[in-house]
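Novice: Just so it is clear, I am handing over coords_16.csv, which has CSV, C-alpha atoms and all ligand atoms.
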chain,number,residue,atom,x,y,z
A,284,MET,CA,-6.9,-20.4,8.0
A,285,SER,CA,-8.1,-17.8,10.5
A,286,ASN,CA,-6.4,-14.7,11.7
A,287,LYS,CA,-7.5,-12.4,14.5
A,288,TYR,CA,-6.7,-9.3,12.4
A,289,TYR,CA,-8.8,-10.3,9.4
A,290,ALA,CA,-12.6,-10.2,9.4
A,291,PRO,CA,-14.8,-9.5,6.4
A,292,GLY,CA,-17.5,-6.9,6.6
A,293,GLU,CA,-18.1,-4.3,9.3
A,294,SER,CA,-15.4,-5.1,11.8
A,295,ARG,CA,-12.7,-5.2,9.1
A,296,ALA,CA,-11.5,-1.6,9.6
A,297,ASP,CA,-11.3,-1.9,13.4
A,298,ARG,CA,-9.2,-5.1,13.2
A,299,VAL,CA,-6.9,-3.5,10.7
A,300,ARG,CA,-6.6,-0.4,12.9
A,301,GLY,CA,-5.7,-2.6,15.8
A,302,LEU,CA,-3.1,-4.4,13.8
A,303,PHE,CA,-1.3,-1.3,12.7
A,304,ALA,CA,-1.5,0.2,16.2
A,305,ALA,CA,0.2,-2.9,17.5
A,306,ILE,CA,3.1,-2.9,15.0
A,307,ALA,CA,3.7,0.8,14.2
A,308,GLY,CA,6.9,1.0,16.2
A,309,ARG,CA,8.4,-2.0,14.5
A,310,TYR,CA,6.8,-1.6,11.0
A,311,ASP,CA,9.8,-0.2,9.2
A,312,LEU,CA,12.2,-2.7,10.6
A,313,ILE,CA,10.0,-5.7,9.8
A,314,ASN,CA,9.5,-4.4,6.3
A,315,ASP,CA,13.2,-4.4,5.7
A,316,LEU,CA,13.6,-7.8,7.2
A,317,GLN,CA,10.8,-9.6,5.5
A,318,SER,CA,11.5,-8.2,2.1
A,319,PHE,CA,15.4,-8.3,2.5
A,320,GLY,CA,15.2,-4.5,1.9
A,321,LEU,CA,13.6,-4.9,-1.5
A,322,HIS,CA,10.5,-2.9,-0.6
A,323,ARG,CA,12.7,0.2,-1.0
A,324,TYR,CA,13.4,-0.7,-4.6
A,325,TRP,CA,9.7,-1.6,-5.3
A,326,LYS,CA,8.6,1.8,-3.9
A,327,ARG,CA,11.2,3.5,-6.1
A,328,ARG,CA,9.6,1.7,-9.1
A,329,LEU,CA,6.2,3.0,-8.0
A,330,VAL,CA,7.5,6.6,-7.8
A,331,ARG,CA,9.1,6.3,-11.3
A,332,LEU,CA,5.8,5.0,-12.7
A,333,THR,CA,4.0,8.1,-11.4
A,334,GLN,CA,6.1,10.2,-13.9
A,335,PRO,CA,6.7,12.7,-11.2
A,336,GLN,CA,6.9,16.4,-12.1
A,337,ALA,CA,8.1,19.0,-9.7
A,338,GLY,CA,5.3,21.4,-8.6
A,339,GLN,CA,2.5,18.9,-9.1
A,340,ARG,CA,0.3,17.7,-6.3
A,341,ALA,CA,0.3,14.1,-5.0
A,342,LEU,CA,-1.8,12.1,-2.6
A,343,ASP,CA,-0.4,8.9,-1.0
A,344,LEU,CA,-3.3,6.9,0.5
A,345,CYS,CA,-2.6,4.5,3.4
A,346,CYS,CA,0.7,6.2,3.7
A,347,GLY,CA,1.7,4.5,6.9
A,348,THR,CA,5.1,5.6,8.1
A,349,GLY,CA,5.5,7.7,5.0
A,350,ASP,CA,8.0,6.0,2.6
A,351,VAL,CA,6.2,6.8,-0.6
A,352,ALA,CA,5.1,10.3,0.5
A,353,PHE,CA,8.7,11.2,1.4
A,354,ALA,CA,9.9,9.9,-2.0
A,355,LEU,CA,7.3,11.9,-3.9
A,356,THR,CA,8.2,15.0,-1.9
A,357,ARG,CA,11.9,14.5,-2.8
A,358,GLN,CA,10.8,14.6,-6.5
A,359,GLY,CA,9.4,18.1,-5.9
A,360,LEU,CA,5.7,17.1,-5.6
A,361,GLU,CA,3.6,18.8,-3.0
A,362,THR,CA,2.4,15.7,-1.2
A,363,VAL,CA,-0.3,14.7,1.2
A,364,GLY,CA,0.0,11.4,3.1
A,365,LEU,CA,-3.3,10.0,4.4
A,366,ASP,CA,-3.8,7.2,6.8
A,367,PHE,CA,-6.4,6.2,9.4
A,368,SER,CA,-3.9,4.9,12.0
A,369,GLU,CA,-2.7,7.6,14.3
A,370,PRO,CA,0.3,5.5,15.6
A,371,MET,CA,1.5,5.0,12.0
A,372,LEU,CA,1.1,8.7,11.3
A,373,GLU,CA,3.1,9.5,14.5
A,374,VAL,CA,6.0,7.6,13.1
A,375,ALA,CA,5.7,9.4,9.8
A,376,ARG,CA,5.6,12.8,11.5
A,377,ARG,CA,8.6,12.0,13.7
A,378,ARG,CA,10.5,11.0,10.5
A,379,ALA,CA,9.5,14.3,8.9
A,380,ALA,CA,10.7,16.2,12.0
A,381,THR,CA,14.1,14.5,12.1
A,382,SER,CA,14.9,14.0,8.4
A,383,ALA,CA,17.7,16.2,7.1
A,384,PRO,CA,18.2,17.9,4.7
A,385,LYS,CA,14.7,19.1,4.8
A,386,PRO,CA,12.7,19.5,1.6
A,387,ALA,CA,9.2,20.7,2.3
A,388,ALA,CA,7.9,17.7,4.2
A,389,PRO,CA,4.7,15.9,3.2
A,390,ASN,CA,1.5,16.9,5.0
A,391,PHE,CA,0.3,13.9,6.9
A,392,ILE,CA,-3.4,13.7,7.7
A,393,GLN,CA,-5.7,11.2,9.3
A,394,GLY,CA,-8.5,10.0,7.1
A,395,ASP,CA,-10.2,7.0,5.5
A,396,ALA,CA,-9.0,6.0,2.1
A,397,GLN,CA,-12.6,4.9,1.2
A,398,GLN,CA,-13.9,8.5,1.8
A,399,VAL,CA,-11.1,10.7,0.8
A,400,PRO,CA,-11.6,14.2,2.3
A,401,PHE,CA,-10.7,16.1,-0.9
A,402,PRO,CA,-12.8,17.5,-3.7
A,403,ASP,CA,-12.9,15.8,-7.1
A,404,ALA,CA,-9.9,16.3,-9.4
A,405,SER,CA,-7.4,17.6,-6.7
A,406,PHE,CA,-4.2,15.7,-7.5
A,407,ASP,CA,-1.9,14.9,-10.4
A,408,VAL,CA,-0.7,11.7,-8.8
A,409,VAL,CA,-2.6,9.3,-6.5
A,410,THR,CA,-0.7,6.4,-5.0
A,411,ILE,CA,-1.4,3.6,-2.6
A,412,SER,CA,1.3,1.2,-1.5
A,413,TYR,CA,0.4,-2.0,0.4
A,414,GLY,CA,-2.9,-0.3,1.3
A,415,LEU,CA,-5.6,-1.4,-1.1
A,416,ARG,CA,-5.6,-5.0,0.1
A,417,ASN,CA,-6.3,-3.8,3.6
A,418,LEU,CA,-9.5,-1.9,2.8
A,419,ALA,CA,-12.9,-3.4,3.7
A,420,ASP,CA,-14.0,-2.4,0.1
A,421,TRP,CA,-10.9,-2.1,-2.1
A,422,GLU,CA,-13.1,-1.2,-5.2
A,423,GLN,CA,-14.4,1.9,-3.3
A,424,GLY,CA,-10.8,2.8,-2.6
A,425,LEU,CA,-10.0,2.7,-6.3
A,426,ARG,CA,-13.1,4.8,-7.1
A,427,GLU,CA,-11.9,7.4,-4.6
A,428,MET,CA,-8.4,7.4,-6.2
A,429,ARG,CA,-10.1,8.0,-9.6
A,430,ARG,CA,-12.4,10.7,-8.2
A,431,VAL,CA,-9.6,12.8,-6.7
A,432,ALA,CA,-7.3,12.5,-9.6
A,433,ARG,CA,-7.2,15.3,-12.1
A,434,PRO,CA,-7.9,14.6,-15.8
A,435,GLY,CA,-4.5,13.2,-17.0
A,436,GLY,CA,-3.7,12.3,-13.4
A,437,ARG,CA,-1.7,9.0,-12.8
A,438,LEU,CA,-3.0,6.3,-10.4
A,439,VAL,CA,-0.5,3.8,-9.1
A,440,VAL,CA,-1.1,0.8,-6.8
A,441,LEU,CA,1.7,-1.3,-5.3
A,442,ASP,CA,0.9,-4.5,-3.4
A,443,PHE,CA,1.6,-8.1,-2.8
A,444,GLY,CA,0.6,-10.0,-6.0
A,445,LYS,CA,-0.5,-13.5,-7.0
A,446,PRO,CA,2.0,-15.0,-9.4
A,447,SER,CA,0.4,-16.9,-12.3
A,448,ASN,CA,3.0,-19.6,-12.1
A,449,ALA,CA,1.6,-22.2,-9.7
A,450,LEU,CA,5.0,-23.5,-8.4
A,451,TRP,CA,6.3,-20.0,-7.8
A,452,ARG,CA,3.0,-19.0,-6.1
A,453,SER,CA,3.2,-22.1,-3.8
A,454,LEU,CA,6.8,-21.2,-2.8
A,455,TYR,CA,5.9,-17.6,-2.1
A,456,PHE,CA,2.7,-18.4,-0.2
A,457,ALA,CA,4.7,-20.9,1.9
A,458,TYR,CA,7.2,-18.1,2.7
A,459,LEU,CA,4.3,-15.9,3.8
A,460,GLN,CA,2.7,-18.7,5.8
A,461,TYR,CA,5.7,-20.1,7.6
A,462,CYS,CA,8.5,-17.5,7.7
A,463,VAL,CA,6.9,-14.0,7.8
A,464,PRO,CA,4.6,-14.8,10.8
A,465,TRP,CA,7.7,-15.8,12.7
A,466,LEU,CA,9.1,-12.3,12.3
A,467,GLY,CA,5.8,-11.0,13.7
A,468,TRP,CA,6.2,-13.3,16.7
A,469,LEU,CA,9.9,-12.4,17.2
A,470,LEU,CA,9.5,-8.6,16.9
A,471,CYS,CA,5.9,-8.0,18.0
A,472,GLY,CA,5.2,-11.0,20.1
A,473,ASP,CA,2.3,-12.1,17.9
A,474,ARG,CA,2.4,-14.4,14.8
A,475,ASP,CA,-1.0,-13.1,13.6
A,476,THR,CA,0.3,-9.6,12.9
A,477,HIS,CA,2.2,-10.9,10.0
A,478,GLY,CA,0.2,-14.0,9.3
A,479,TYR,CA,-2.4,-11.4,8.3
A,480,ILE,CA,-0.5,-10.7,5.0
A,481,LEU,CA,-1.3,-14.0,3.5
A,482,GLU,CA,-4.8,-14.1,4.9
A,483,SER,CA,-5.6,-10.7,3.4
A,484,LEU,CA,-4.0,-11.6,0.1
A,485,ARG,CA,-6.1,-14.7,-0.3
A,486,HIS,CA,-9.2,-12.4,-0.1
A,487,TYR,CA,-7.8,-9.8,-2.4
A,488,ALA,CA,-8.3,-9.6,-6.2
A,489,ALA,CA,-4.6,-8.7,-6.7
A,490,GLN,CA,-3.0,-7.3,-9.9
A,491,ASP,CA,-5.4,-8.8,-12.4
A,492,GLY,CA,-8.5,-7.9,-10.5
A,493,VAL,CA,-7.3,-4.4,-9.9
A,494,ALA,CA,-6.5,-4.0,-13.6
A,495,ARG,CA,-9.9,-5.2,-14.5
A,496,LYS,CA,-11.5,-2.7,-12.1
A,497,MET,CA,-9.3,0.1,-13.4
A,498,ARG,CA,-10.6,-0.5,-16.9
A,499,GLU,CA,-14.2,-0.7,-15.7
A,500,LEU,CA,-13.7,2.7,-14.1
A,501,GLY,CA,-12.7,4.1,-17.5
A,502,LEU,CA,-9.0,4.6,-16.7
A,503,GLU,CA,-6.7,4.7,-19.7
A,504,GLN,CA,-3.3,3.2,-20.3
A,505,VAL,CA,-4.1,0.5,-17.7
A,506,ARG,CA,-1.2,-1.8,-17.2
A,507,VAL,CA,0.3,-4.2,-14.7
A,508,VAL,CA,4.0,-4.3,-13.9
A,509,ASN,CA,4.9,-7.6,-12.3
A,510,LEU,CA,7.9,-7.7,-10.0
A,511,MET,CA,9.7,-10.9,-8.9
A,512,GLY,CA,7.5,-13.0,-11.2
A,513,GLY,CA,4.3,-11.4,-9.8
A,514,MET,CA,5.0,-11.7,-6.1
A,515,MET,CA,4.8,-8.0,-6.0
A,516,SER,CA,2.9,-5.9,-8.6
A,517,LEU,CA,2.2,-2.4,-9.7
A,518,ASN,CA,-1.0,-1.3,-11.3
A,519,PHE,CA,-1.0,1.8,-13.4
A,520,GLY,CA,-3.9,3.9,-14.9
A,521,VAL,CA,-4.6,7.4,-16.1
A,522,ARG,CA,-7.7,9.4,-15.5
A,523,PRO,CA,-9.0,10.4,-18.9
A,524,ALA,CA,-8.7,14.0,-19.9
B,601,LIG,C1,0.9,-2.2,5.1
B,601,LIG,S1,0.7,-0.5,5.6
B,601,LIG,C2,1.4,0.3,4.2
B,601,LIG,C3,2.1,1.6,4.7
B,601,LIG,C4,2.9,2.3,3.5
B,601,LIG,N1,2.0,2.7,2.5
B,601,LIG,C5,4.0,1.4,3.0
B,601,LIG,O1,3.9,1.1,1.8
B,601,LIG,O2,4.9,1.1,3.8
B,601,LIG,C6,-1.0,-0.3,5.4
B,601,LIG,C7,-1.5,1.0,5.9
B,601,LIG,O3,-2.9,1.2,5.5
B,601,LIG,C8,-3.6,1.9,6.5
B,601,LIG,N2,-5.0,1.7,6.3
B,601,LIG,C9,-5.7,0.6,6.2
B,601,LIG,N3,-7.0,0.8,6.0
B,601,LIG,C10,-7.1,2.1,5.8
B,601,LIG,C11,-8.2,3.0,5.5
B,601,LIG,N4,-9.4,2.5,5.3
B,601,LIG,N5,-8.0,4.3,5.4
B,601,LIG,C12,-6.7,4.8,5.6
B,601,LIG,N6,-5.7,4.1,5.9
B,601,LIG,C13,-5.8,2.7,6.0
B,601,LIG,C14,-3.0,1.3,7.8
B,601,LIG,O4,-3.2,2.1,8.9
B,601,LIG,C15,-1.5,1.1,7.4
B,601,LIG,O5,-0.8,2.3,7.8
So, in terms of structure tokens, how does the structure I just supplied come out?

Specialist:
Amino acid sequence: MSNKYYAPGESRADRVRGLFAAIAGRYDLINDLQSFGLHRYWKRRLVRLTQPQAGQRALDLCCGTGDVAFALTRQGLETVGLDFSEPMLEVARRRAATSAPKPAAPNFIQGDAQQVPFPDASFDVVTISYGLRNLADWEQGLREMRRVARPGGRLVVLDFGKPSNALWRSLYFAYLQYCVPWLGWLLCGDRDTHGYILESLRHYAAQDGVARKMRELGLEQVRVVNLMGGMMSLNFGVRPA
């Protein structure tokens, strides 16, 4: 399978940037359609797993249009959302400007999740939702999450998973292969925008690989929460005190 938005190596980031520039305006709508609205629930699970405490600092990497950053802010965390796509950030900032009632809005900044522009140990919570899979080097993304987390800080990753049950995995991969690209075609005029999900997932270590890497990085309390039989997954870890 080949997809114009997926390329390993040096051009990976440019292709991914091009993809999100193309779909930014329709991103939220397609998310609701392709997940039947369930991504909102999965993101709530992510936020609960961070054990949010008002007044703490949070960083949401690959924040996109801001769902998780807004949710963390609503829990009283002082939140930064970081993304490398200006068109996605524009949507997030527009949402911040129009959302009412207004808690202090997240601070949205442009940056690379593989070179996070913050000093070591800056945040109590570091999240990444549907972002790690898109990085040219996801292990570097995880290292950065660990670096900027404070001792005792919680790291949570949400992304498409790989179900261990072969039949369930086949059905789900068929949905990603045949139905989801059709939504991309219908709403963005390009099947590849959403065919990219399966292509990138095939090249991604998913929940088990992320858990392994978290342990390798010395994180504690590492665990995987599988949702919908592993179609979606949350990875959790704590930076040692
Ligand atoms: C699928 S969207 C996820 C958006 C949001 N987190 C959500 O869950 O709806 C992936 C986001 O990752 C961003 N992204 C991909 N690679 C990145 C990188 N190296 N640094 C920062 N952002 C990146 C894209 O611009 C895009 O906004």

Novice: Find the nearest atom pair between each residue of region 381-481 of chain A and region 356-371 of chain A for residues within 10 Å, count only C-alpha atoms, give distances in Å to one decimal, sort rows by chain and ascending number, and present the table as CSV.

Specialist:
residue,atom,partner,partner_atom,distance
A:Lys385,CA,A:Arg357,CA,9.3
A:Pro386,CA,A:Arg357,CA,6.7
A:Ala387,CA,A:Thr356,CA,7.2
A:Ala388,CA,A:Thr356,CA,6.7
A:Pro389,CA,A:Thr362,CA,5.0
A:Asn390,CA,A:Val363,CA,4.7
A:Phe391,CA,A:Gly364,CA,4.6
A:Ile392,CA,A:Leu365,CA,5.0
A:Gln393,CA,A:Phe367,CA,5.0
A:Gly394,CA,A:Phe367,CA,4.9
A:Asp395,CA,A:Phe367,CA,5.5
A:Ala396,CA,A:Asp366,CA,7.1
A:Val399,CA,A:Leu365,CA,8.6
A:Pro400,CA,A:Leu365,CA,9.5
A:Phe406,CA,A:Thr362,CA,9.1
A:Asp407,CA,A:Leu360,CA,9.3
A:Val408,CA,A:Leu360,CA,9.0
A:Val409,CA,A:Val363,CA,9.7
A:Thr410,CA,A:Gly364,CA,9.5
A:Ile411,CA,A:Leu365,CA,9.7
A:Gly414,CA,A:Asp366,CA,9.3

Novice: Residues up to 9 Å from ligand LIG 601 (chain B), counting only C-alpha atoms and all ligand atoms: could you list those as a PyMOL selection string?

Specialist: chain A and resi 295-297+299-304+307+310-311+314+322+326+343-352+364-372+393-399+410-421+424+441-442+480

Novice: Applying 9 Å and all atoms listed in the file, which residues near Gln317 (chain A) remain after dropping the ones on its own chain fewer than 5 positions away? List them as a list in words.

Specialist: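 Close residues of Gln317 (chain A): Leu312, Cys462, Val463 and Leu466 of chain A.
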
Novice: Check the smallest atom-to-atom distance from each of A:Ser294, A:Ser447, A:Gln504, A:Gln460 to Ala489 (chain A) using only C-alpha atoms, then report the winner.

Specialist: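 The answer is A:Ser447, which sits nearest to Ala489 (chain A).
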
Novice: Have a look at A:Leu470, A:Met514, A:Arg485, A:Arg331 and name the one nearest to Trp451 (chain A); count all atoms listed in the file.

Specialist: A:Met514

Novice: Go through A:Arg327, A:Lys287, A:Arg309, A:Arg429 and flag the residue nearest Leu342 (chain A), using all atoms listed in the file for the distances.

Specialist: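 With all atoms listed in the file as the atom set, the closest residue is A:Arg429.
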
Novice: CA of Ser382 (chain A) to CA of Leu321 (chain A): how many Å, to one decimal?

Specialist: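 One can read the CA of Ser382 (chain A) to CA of Leu321 (chain A) distance as 21.4 Å.
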
Novice: Find the residues near Leu517 (chain A): any atom within 7 Å, counting only C-alpha atoms, skip ones fewer than 3 places away on the same chain, and give them as a list in words.

Specialist: Leu329, Val439, Val440, Leu441, Asp442, Val507, Val508 and Asn509 of chain A
